[in-house]
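> Provided herewith: entry_7.cif, mmCIF, C-alpha atoms.
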```
data_target
loop_
_atom_site.label_atom_id
_atom_site.label_comp_id
_atom_site.auth_asym_id
_atom_site.auth_seq_id
_atom_site.Cartn_x
_atom_site.Cartn_y
_atom_site.Cartn_z
CA MET A 4 0.77 -1.63 -14.91
CA ARG A 5 -2.50 -0.96 -13.05
CA GLU A 6 -1.97 -0.02 -9.43
CA PRO A 7 -3.62 -2.17 -6.74
CA GLU A 8 -7.04 -0.94 -5.74
CA SER A 9 -5.98 -0.34 -2.13
CA SER A 10 -3.14 1.92 -3.32
CA GLN A 11 -5.53 3.96 -5.46
CA ILE A 12 -8.00 4.32 -2.60
CA LEU A 13 -5.19 5.57 -0.35
CA LYS A 14 -4.13 8.12 -2.99
CA ASP A 15 -7.72 9.34 -3.32
CA ARG A 16 -8.00 9.80 0.43
CA PHE A 17 -4.74 11.71 0.55
CA ALA A 18 -5.98 13.95 -2.25
CA ASP A 19 -9.10 14.79 -0.22
CA ILE A 20 -6.96 16.61 2.31
CA PHE A 21 -6.46 19.44 -0.15
CA ASP A 22 -10.12 20.36 -0.63
CA ASP A 23 -11.44 23.38 1.29
CA ARG A 24 -13.29 21.37 3.88
CA SER A 25 -10.31 19.14 4.65
CA ILE A 26 -7.91 22.06 4.95
CA GLU A 27 -10.28 23.73 7.39
CA THR A 28 -10.60 20.51 9.38
CA PHE A 29 -6.85 20.08 9.53
CA GLN A 30 -6.32 23.68 10.64
CA LYS A 31 -8.81 23.20 13.47
CA PHE A 32 -6.96 20.03 14.42
CA ILE A 33 -3.49 21.63 14.38
CA ALA A 34 -4.23 24.56 16.71
CA PRO A 35 -4.91 22.59 19.93
CA SER A 36 -2.29 19.96 19.04
CA LYS A 37 0.54 22.42 19.80
CA ASP A 38 0.07 21.81 23.52
CA LEU A 39 0.16 18.05 22.99
CA MET A 40 3.33 18.30 20.88
CA SER A 41 4.93 20.28 23.70
CA CYS A 42 4.10 17.41 26.07
CA TYR A 43 5.74 14.93 23.70
CA ARG A 44 8.86 17.12 23.60
CA CYS A 45 8.93 17.13 27.39
CA ALA A 46 8.65 13.32 27.39
CA ILE A 47 11.62 13.10 25.02
CA MET A 48 13.64 15.27 27.41
CA GLU A 49 12.69 13.05 30.36
CA ILE A 50 13.83 9.86 28.63
CA GLU A 51 16.95 11.44 27.17
CA THR A 52 17.99 12.67 30.63
CA LYS A 53 17.61 9.14 32.00
CA PHE A 54 19.98 7.77 29.35
CA ARG A 55 22.53 10.54 29.87
CA VAL A 56 22.55 9.74 33.59
CA LEU A 57 23.01 6.01 32.85
CA ASP A 58 25.83 6.78 30.42
CA GLU A 59 27.58 9.01 32.96
CA ARG A 60 27.34 6.48 35.78
CA PHE A 61 28.44 3.56 33.59
CA SER A 62 31.43 5.60 32.39
CA LEU A 63 32.45 6.26 35.98
CA ALA A 64 32.30 2.56 36.88
CA HIS A 65 33.73 1.02 33.70
CA ASP A 66 35.86 3.76 32.16
CA ARG A 67 33.93 3.75 28.88
CA ASN A 68 30.64 5.08 27.55
CA PRO A 69 28.04 2.56 26.37
CA ILE A 70 26.20 5.26 24.38
CA ASP A 71 27.83 6.59 21.22
CA ASN A 72 25.13 9.17 20.52
CA ILE A 73 21.46 9.98 21.17
CA GLN A 74 19.09 11.20 18.48
CA SER A 75 15.57 12.47 19.00
CA ARG A 76 12.70 13.38 16.72
CA LEU A 77 9.10 14.55 16.89
CA LYS A 78 6.70 13.65 14.09
CA SER A 79 5.59 16.62 12.02
CA PRO A 80 1.90 17.58 11.93
CA GLU A 81 1.81 16.48 8.28
CA SER A 82 3.19 13.02 9.15
CA ILE A 83 0.65 12.70 11.95
CA ARG A 84 -2.14 13.68 9.59
CA ASP A 85 -1.01 11.13 7.00
CA LYS A 86 -0.85 8.35 9.60
CA LEU A 87 -4.33 9.18 10.89
CA LEU A 88 -5.58 8.91 7.31
CA ARG A 89 -3.85 5.57 6.72
CA LYS A 90 -5.32 4.16 9.93
CA ASN A 91 -8.76 5.63 9.17
CA LEU A 92 -8.72 7.57 12.44
CA PRO A 93 -10.40 10.91 13.22
CA PHE A 94 -8.48 14.18 13.47
CA THR A 95 -8.64 14.33 17.26
CA LEU A 96 -6.08 14.55 20.05
CA GLU A 97 -7.65 11.53 21.71
CA ALA A 98 -7.09 9.46 18.55
CA ILE A 99 -3.44 10.50 18.51
CA GLU A 100 -2.74 9.64 22.14
CA LYS A 101 -4.57 6.30 22.04
CA ASN A 102 -3.37 5.02 18.67
CA LEU A 103 -0.08 6.63 17.60
CA PHE A 104 2.83 5.52 19.76
CA ASP A 105 5.76 6.81 17.68
CA ILE A 106 5.14 10.56 17.69
CA ALA A 107 7.98 11.10 20.17
CA GLY A 108 11.08 9.09 19.35
CA LEU A 109 14.59 8.53 20.64
CA ARG A 110 17.37 6.53 19.03
CA ILE A 111 20.14 5.29 21.31
CA VAL A 112 23.23 4.31 19.32
CA CYS A 113 25.48 1.99 21.33
CA SER A 114 28.98 0.65 20.95
CA PHE A 115 28.16 -3.03 21.49
CA VAL A 116 25.13 -5.31 21.33
CA ASP A 117 25.24 -6.14 25.04
CA ASP A 118 25.15 -2.40 25.79
CA ILE A 119 21.75 -2.29 24.09
CA TYR A 120 20.20 -4.88 26.37
CA MET A 121 21.92 -3.48 29.46
CA LEU A 122 20.56 0.02 28.81
CA ALA A 123 17.09 -1.26 27.92
CA ASP A 124 16.96 -3.26 31.17
CA CYS A 125 18.17 -0.27 33.19
CA LEU A 126 15.46 1.92 31.69
CA LEU A 127 12.68 -0.60 32.28
CA GLN A 128 13.75 -1.16 35.91
CA GLN A 129 13.02 2.47 36.75
CA ASP A 130 9.78 2.71 38.71
CA ASP A 131 8.30 5.56 36.66
CA ILE A 132 8.70 3.73 33.34
CA THR A 133 5.98 1.41 31.98
CA LEU A 134 6.67 -0.89 29.04
CA ILE A 135 3.87 -0.80 26.46
CA LYS A 136 5.40 -2.83 23.65
CA ARG A 137 8.72 -4.48 22.81
CA LYS A 138 9.97 -5.62 19.39
CA ASP A 139 13.39 -7.23 19.16
CA TYR A 140 14.64 -7.03 15.58
CA ILE A 141 18.13 -8.00 16.72
CA GLN A 142 17.15 -11.54 17.73
CA LYS A 143 14.65 -11.71 14.85
CA PRO A 144 15.72 -9.27 12.10
CA LYS A 145 13.26 -8.06 9.49
CA GLU A 146 13.33 -9.74 6.06
CA ASN A 147 15.41 -6.93 4.59
CA GLY A 148 18.06 -7.37 7.30
CA TYR A 149 17.02 -4.47 9.53
CA ARG A 150 18.13 -4.93 13.15
CA SER A 151 17.20 -2.84 16.17
CA LEU A 152 15.51 -3.14 19.55
CA HIS A 153 12.29 -1.12 19.74
CA LEU A 154 10.54 -0.20 22.98
CA ILE A 155 7.35 1.78 23.44
CA VAL A 156 7.40 3.14 26.97
CA GLU A 157 5.17 5.41 29.00
CA VAL A 158 6.76 8.11 31.15
CA PRO A 159 5.19 10.76 33.39
CA ILE A 160 5.87 14.44 32.80
CA PHE A 161 5.08 17.00 35.47
CA LEU A 162 3.37 20.16 34.27
CA GLN A 163 2.38 23.28 36.21
CA ASP A 164 -0.85 21.77 37.51
CA GLN A 165 -0.86 18.08 36.58
CA LYS A 166 1.04 14.90 35.87
CA LYS A 167 0.59 13.53 32.37
CA LEU A 168 1.60 10.09 31.06
CA MET A 169 3.21 10.20 27.61
CA LYS A 170 4.33 7.44 25.24
CA VAL A 171 7.77 7.47 23.64
CA GLU A 172 9.33 5.10 21.12
CA VAL A 173 12.94 4.20 21.95
CA GLN A 174 15.10 2.50 19.32
CA PHE A 175 18.43 0.91 20.23
CA ARG A 176 21.07 0.22 17.60
CA THR A 177 24.78 -0.42 17.47
CA ILE A 178 26.95 1.85 15.33
CA ALA A 179 26.98 -0.86 12.64
CA MET A 180 23.17 -1.22 12.72
CA GLU A 181 22.78 2.55 12.45
CA PHE A 182 25.21 2.74 9.53
CA TRP A 183 23.36 0.03 7.59
CA ALA A 184 19.86 1.35 8.35
CA SER A 185 20.77 4.93 7.39
CA LEU A 186 22.24 3.93 4.03
CA GLU A 187 19.49 1.40 3.31
CA HIS A 188 16.88 4.10 3.89
CA GLN A 189 18.65 6.52 1.53
CA LEU A 190 19.00 3.89 -1.19
CA ARG A 191 15.60 2.22 -1.00
CA TYR A 192 13.37 5.25 -0.52
CA LYS A 193 14.36 7.12 -3.67
CA LYS A 194 11.15 7.78 -5.60
CA SER A 195 12.68 7.06 -8.99
CA LEU A 196 13.78 3.47 -8.28
CA SER A 197 12.48 0.93 -10.78
CA SER A 198 11.16 -2.44 -9.68
CA ASP A 199 14.10 -4.07 -11.47
CA ILE A 200 16.65 -2.10 -9.43
CA VAL A 201 14.76 -2.84 -6.21
CA GLU A 202 14.87 -6.54 -6.98
CA LYS A 203 18.59 -6.49 -7.82
CA THR A 204 19.59 -4.55 -4.70
CA THR A 205 17.42 -6.40 -2.16
CA GLU A 206 19.69 -9.44 -1.91
CA ARG A 207 22.86 -7.34 -1.78
CA LEU A 208 21.47 -5.15 0.99
CA SER A 209 20.52 -8.28 2.90
CA ARG A 210 24.09 -9.59 2.56
CA CYS A 211 25.40 -6.25 3.80
CA ALA A 212 23.11 -6.59 6.85
CA ASP A 213 24.61 -10.04 7.52
CA LEU A 214 28.11 -8.57 7.30
CA SER A 215 27.07 -5.82 9.71
CA ALA A 216 25.74 -8.42 12.16
CA HIS A 217 28.96 -10.43 11.85
CA LEU A 218 31.00 -7.28 12.58
CA ASP A 219 28.94 -6.62 15.73
CA MET A 220 29.49 -10.20 16.88
CA GLN A 221 33.25 -10.02 16.29
CA MET A 222 33.62 -6.68 18.10
CA GLN A 223 31.56 -8.01 21.02
CA GLU A 224 33.81 -11.06 21.31
CA ILE A 225 36.96 -8.90 21.24
CA LYS A 226 35.54 -6.64 23.96
CA ASP A 227 34.61 -9.64 26.12
CA MET A 228 38.09 -11.09 25.69
CA ILE A 229 39.77 -7.85 26.74
CA GLU A 230 37.46 -7.46 29.77
CA ARG A 231 38.20 -11.03 30.92
CA GLU A 232 41.91 -10.23 30.91
#
```
Just give me the structure of the file as C-alpha cells.


Amino acid sequence: MREPESSQILKDRFADIFDDRSIETFQKFIAPSKDLMSCYRCAIMEIETKFRVLDERFSLAHDRNPIDNIQSRLKSPESIRDKLLRKNLPFTLEAIEKNLFDIAGLRIVCSFVDDIYMLADCLLQQDDITLIKRKDYIQKPKENGYRSLHLIVEVPIFLQDQKKLMKVEVQFRTIAMEFWASLEHQLRYKKSLSSDIVEKTTERLSRCADLSAHLDMQMQEIKDMIERE
C-alpha cells in the first residue's frame, strides 16, 4: 500500500537531519539549549513542590493523601528536534519557548476523581500561577477512551539575576486512568502491529476504558458515602 504523501514528506524531512549540514545545525542548537533545559527542570521542581505542600496539608486536615504519586519528565533534545520539524519551526530557543508547551511535564496520579479537580483548583488559585490552556479529557474523553485533565501553566522561577516565566504541562489522572493509559500506550505503540490487529483491539481497549471510568465512579461513590457517615 502506498503511503500518504504527507507521511512521505515527513519521512524525507526527518531524513534530512542526518546530512552534514543538519547535524551541524542541530549541534549549534543544542549547546545553548542546555541553559533553557535547566530552567525547565527548575520549573518542574517549583510545581512539584506546590503539589507536595498541598498533599501534606490535605493529609493533615483529612487524614488521607489525595496524591498517590507524582511523575515528572523533560523532553529529550531529540524529541524537541522532531517536534520542531513536524511543526515546521526553526531550530531556535525562541521557537521552543513560544510554541512548545510540553517540554516540562508533571503527572499527578490521584486516588479519586474529585481529588483531581480539587488539586487543579488549588494550583490555579495560587497567585504566581497563570493558566495558559486547559483540556478536560475526563468530561470529554478522547475517541480511544483516554481520560485525563491537562493544564498548561506558567510559573516563575527565580535565578541568580532574574525572574523567568516557564511553561509546564500538568496531567492529572486517577490510578485507574493511569493504569489504562500506561497499558494502552504499550500495546498500541508497538511498531510491528498490523492494521488488522489495531482494528480488532481498538474496540476492546475502548471497552476497557469504560470499565475503568465505571470503577472510578464506583470508588468515588463509596468514598462519599463513608465521608457522609

> Could you tell me which of A:Thr205, A:Asp199, A:Phe94, A:Ser185 comes closest to Gly148 in chain A if we count all atoms listed in the file?

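Looking only at the distances to Gly148 in chain A, the closest residue turns out to be A:Thr205.
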
> Could you jot down the CA of Phe182 in chain A to CA of Ile229 in chain A separation for me, Å, one decimal place?

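Calculated distance between CA of Phe182 in chain A and CA of Ile229 in chain A is 24.9 Å.
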
> List as an mmCIF file with C-alpha atoms, in the frame of the given file the protein and nucleic acid residues near Gln174 in chain A, meaning an atom at most 8 Å away when all atoms listed in the file are counted, but skip any in the same chain fewer than 6 places from it.


```cif
data_model
loop_
_atom_site.group_PDB
_atom_site.id
_atom_site.type_symbol
_atom_site.label_atom_id
_atom_site.label_comp_id
_atom_site.auth_asym_id
_atom_site.auth_seq_id
_atom_site.Cartn_x
_atom_site.Cartn_y
_atom_site.Cartn_z
ATOM 1 C CA GLY A 108 11.080 9.090 19.350
ATOM 2 C CA LEU A 109 14.590 8.530 20.640
ATOM 3 C CA ARG A 110 17.370 6.530 19.030
ATOM 4 C CA ILE A 111 20.140 5.290 21.310
ATOM 5 C CA SER A 151 17.200 -2.840 16.170
ATOM 6 C CA LEU A 152 15.510 -3.140 19.550
ATOM 7 C CA HIS A 153 12.290 -1.120 19.740
ATOM 8 C CA LEU A 154 10.540 -0.200 22.980
#
```

> When the PyMOL selection byres ((chain A and resi 210-219) around 12) is applied to the file above, which residues end up in the set, as an MDAnalysis selection string?

chainID A and resid 113:119 140:151 176:187 204:209 220:226

> Excluding Ser75 in chain A and residues on its chain fewer than 2 positions from it, collect all residues at most 12 Å away from it, counting only C-alpha atoms, and give them as a ChimeraX atom specification.

/A:43-52,72-73,77-78,105-112,171-175

> Go ahead and compute the interatomic distance for CA of Leu57 in chain A and CA of Cys42 in chain A, in Å to one decimal.

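Interatomic distance, CA of Leu57 in chain A to CA of Cys42 in chain A: 23.1 Å.
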
> Do you have the CA of Asp130 in chain A-CA of Lys53 in chain A distance handy?

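Atom-to-atom, CA of Asp130 in chain A to CA of Lys53 in chain A, that is 12.2 Å.
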
> Go through the shown structure with the PyMOL selection byres ((chain A and resi 135) around 7) and write out the matching residues as a list in words.

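Evaluating the PyMOL selection byres ((chain A and resi 135) around 7) on these coordinates yields Thr133, Leu134, Lys136, Ile155, Val156 and Glu157 of chain A.
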
> Using the selection just defined, write its residues with C-alpha atoms as a PDB file, keeping the file's coordinate frame.


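Saved the output as again.pdb:
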```pdb
ATOM      1  CA  THR A 133       5.980   1.410  31.980  1.00  0.00           C
ATOM      2  CA  LEU A 134       6.670  -0.890  29.040  1.00  0.00           C
ATOM      3  CA  LYS A 136       5.400  -2.830  23.650  1.00  0.00           C
ATOM      4  CA  ILE A 155       7.350   1.780  23.440  1.00  0.00           C
ATOM      5  CA  VAL A 156       7.400   3.140  26.970  1.00  0.00           C
ATOM      6  CA  GLU A 157       5.170   5.410  29.000  1.00  0.00           C
TER       7      GLU A 157
END
```

> May I have the protein, DNA and RNA residues with an atom at most 12 Å from (-5.2, 5.2, 19.8), counting all atoms listed in the file in the file's coordinates, returned as a ChimeraX atom specification?

/A:86-87,90-106,170

> Listed atoms of range 218-223 of chain A, axis-aligned box, 4 Å per side: centre and edge lengths to one decimal in Å, as JSON?


```
{"center_x": 31.3, "center_y": -8.4, "center_z": 16.8, "size_x": 12.7, "size_y": 11.6, "size_z": 16.4}
```

> Using the partial input, fill out range 181-209 of chain A with N, CA and C atoms; write the result as a PDB file, in the coordinates of the input.


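Result file is rebuild_34.pdb:
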```
ATOM      1  N   GLU A 181      23.162   1.196  12.851  1.00  0.00           N
ATOM      2  CA  GLU A 181      22.780   2.550  12.450  1.00  0.00           C
ATOM      3  C   GLU A 181      23.333   2.884  11.075  1.00  0.00           C
ATOM      4  N   PHE A 182      24.581   2.504  10.824  1.00  0.00           N
ATOM      5  CA  PHE A 182      25.210   2.740   9.530  1.00  0.00           C
ATOM      6  C   PHE A 182      24.417   2.061   8.414  1.00  0.00           C
ATOM      7  N   TRP A 183      24.090   0.777   8.619  1.00  0.00           N
ATOM      8  CA  TRP A 183      23.360   0.030   7.590  1.00  0.00           C
ATOM      9  C   TRP A 183      21.959   0.614   7.372  1.00  0.00           C
ATOM     10  N   ALA A 184      21.242   0.878   8.458  1.00  0.00           N
ATOM     11  CA  ALA A 184      19.860   1.350   8.350  1.00  0.00           C
ATOM     12  C   ALA A 184      19.800   2.725   7.673  1.00  0.00           C
ATOM     13  N   SER A 185      20.748   3.593   7.982  1.00  0.00           N
ATOM     14  CA  SER A 185      20.770   4.930   7.390  1.00  0.00           C
ATOM     15  C   SER A 185      20.995   4.852   5.886  1.00  0.00           C
ATOM     16  N   LEU A 186      21.965   4.050   5.457  1.00  0.00           N
ATOM     17  CA  LEU A 186      22.240   3.930   4.030  1.00  0.00           C
ATOM     18  C   LEU A 186      21.129   3.185   3.297  1.00  0.00           C
ATOM     19  N   GLU A 187      20.583   2.155   3.942  1.00  0.00           N
ATOM     20  CA  GLU A 187      19.490   1.400   3.310  1.00  0.00           C
ATOM     21  C   GLU A 187      18.289   2.312   3.069  1.00  0.00           C
ATOM     22  N   HIS A 188      18.011   3.181   4.037  1.00  0.00           N
ATOM     23  CA  HIS A 188      16.880   4.100   3.890  1.00  0.00           C
ATOM     24  C   HIS A 188      17.121   5.063   2.728  1.00  0.00           C
ATOM     25  N   GLN A 189      18.327   5.595   2.624  1.00  0.00           N
ATOM     26  CA  GLN A 189      18.650   6.520   1.530  1.00  0.00           C
ATOM     27  C   GLN A 189      18.519   5.835   0.174  1.00  0.00           C
ATOM     28  N   LEU A 190      18.977   4.593   0.093  1.00  0.00           N
ATOM     29  CA  LEU A 190      19.000   3.890  -1.190  1.00  0.00           C
ATOM     30  C   LEU A 190      17.620   3.387  -1.610  1.00  0.00           C
ATOM     31  N   ARG A 191      16.856   2.878  -0.651  1.00  0.00           N
ATOM     32  CA  ARG A 191      15.600   2.220  -1.000  1.00  0.00           C
ATOM     33  C   ARG A 191      14.409   3.161  -1.099  1.00  0.00           C
ATOM     34  N   TYR A 192      14.519   4.353  -0.541  1.00  0.00           N
ATOM     35  CA  TYR A 192      13.370   5.250  -0.520  1.00  0.00           C
ATOM     36  C   TYR A 192      13.466   6.360  -1.562  1.00  0.00           C
ATOM     37  N   LYS A 193      14.334   6.184  -2.549  1.00  0.00           N
ATOM     38  CA  LYS A 193      14.360   7.120  -3.670  1.00  0.00           C
ATOM     39  C   LYS A 193      13.147   6.870  -4.538  1.00  0.00           C
ATOM     40  N   LYS A 194      12.414   7.929  -4.881  1.00  0.00           N
ATOM     41  CA  LYS A 194      11.150   7.780  -5.600  1.00  0.00           C
ATOM     42  C   LYS A 194      11.322   7.221  -7.003  1.00  0.00           C
ATOM     43  N   SER A 195      12.501   7.426  -7.586  1.00  0.00           N
ATOM     44  CA  SER A 195      12.680   7.060  -8.990  1.00  0.00           C
ATOM     45  C   SER A 195      13.137   5.613  -9.200  1.00  0.00           C
ATOM     46  N   LEU A 196      13.274   4.829  -8.129  1.00  0.00           N
ATOM     47  CA  LEU A 196      13.780   3.470  -8.280  1.00  0.00           C
ATOM     48  C   LEU A 196      12.795   2.592  -9.049  1.00  0.00           C
ATOM     49  N   SER A 197      13.308   1.867 -10.028  1.00  0.00           N
ATOM     50  CA  SER A 197      12.480   0.930 -10.780  1.00  0.00           C
ATOM     51  C   SER A 197      12.366  -0.377 -10.006  1.00  0.00           C
ATOM     52  N   SER A 198      11.350  -1.159 -10.345  1.00  0.00           N
ATOM     53  CA  SER A 198      11.160  -2.440  -9.680  1.00  0.00           C
ATOM     54  C   SER A 198      12.336  -3.372  -9.954  1.00  0.00           C
ATOM     55  N   ASP A 199      12.961  -3.234 -11.113  1.00  0.00           N
ATOM     56  CA  ASP A 199      14.100  -4.070 -11.470  1.00  0.00           C
ATOM     57  C   ASP A 199      15.292  -3.781 -10.557  1.00  0.00           C
ATOM     58  N   ILE A 200      15.546  -2.487 -10.304  1.00  0.00           N
ATOM     59  CA  ILE A 200      16.650  -2.100  -9.430  1.00  0.00           C
ATOM     60  C   ILE A 200      16.378  -2.550  -8.000  1.00  0.00           C
ATOM     61  N   VAL A 201      15.134  -2.404  -7.555  1.00  0.00           N
ATOM     62  CA  VAL A 201      14.760  -2.840  -6.210  1.00  0.00           C
ATOM     63  C   VAL A 201      15.048  -4.330  -6.033  1.00  0.00           C
ATOM     64  N   GLU A 202      14.666  -5.101  -7.043  1.00  0.00           N
ATOM     65  CA  GLU A 202      14.870  -6.540  -6.980  1.00  0.00           C
ATOM     66  C   GLU A 202      16.358  -6.891  -6.946  1.00  0.00           C
ATOM     67  N   LYS A 203      17.161  -6.184  -7.746  1.00  0.00           N
ATOM     68  CA  LYS A 203      18.590  -6.490  -7.820  1.00  0.00           C
ATOM     69  C   LYS A 203      19.335  -6.088  -6.552  1.00  0.00           C
ATOM     70  N   THR A 204      18.866  -5.036  -5.886  1.00  0.00           N
ATOM     71  CA  THR A 204      19.590  -4.550  -4.700  1.00  0.00           C
ATOM     72  C   THR A 204      19.137  -5.206  -3.404  1.00  0.00           C
ATOM     73  N   THR A 205      17.952  -5.820  -3.400  1.00  0.00           N
ATOM     74  CA  THR A 205      17.420  -6.400  -2.160  1.00  0.00           C
ATOM     75  C   THR A 205      18.350  -7.445  -1.573  1.00  0.00           C
ATOM     76  N   GLU A 206      18.814  -8.369  -2.401  1.00  0.00           N
ATOM     77  CA  GLU A 206      19.690  -9.440  -1.910  1.00  0.00           C
ATOM     78  C   GLU A 206      21.024  -8.881  -1.440  1.00  0.00           C
ATOM     79  N   ARG A 207      21.562  -7.904  -2.160  1.00  0.00           N
ATOM     80  CA  ARG A 207      22.860  -7.340  -1.780  1.00  0.00           C
ATOM     81  C   ARG A 207      22.754  -6.577  -0.462  1.00  0.00           C
ATOM     82  N   LEU A 208      21.666  -5.853  -0.276  1.00  0.00           N
ATOM     83  CA  LEU A 208      21.470  -5.150   0.990  1.00  0.00           C
ATOM     84  C   LEU A 208      21.321  -6.136   2.139  1.00  0.00           C
ATOM     85  N   SER A 209      20.669  -7.253   1.869  1.00  0.00           N
ATOM     86  CA  SER A 209      20.520  -8.280   2.900  1.00  0.00           C
ATOM     87  C   SER A 209      21.877  -8.870   3.278  1.00  0.00           C
TER      88      SER A 209
END
```
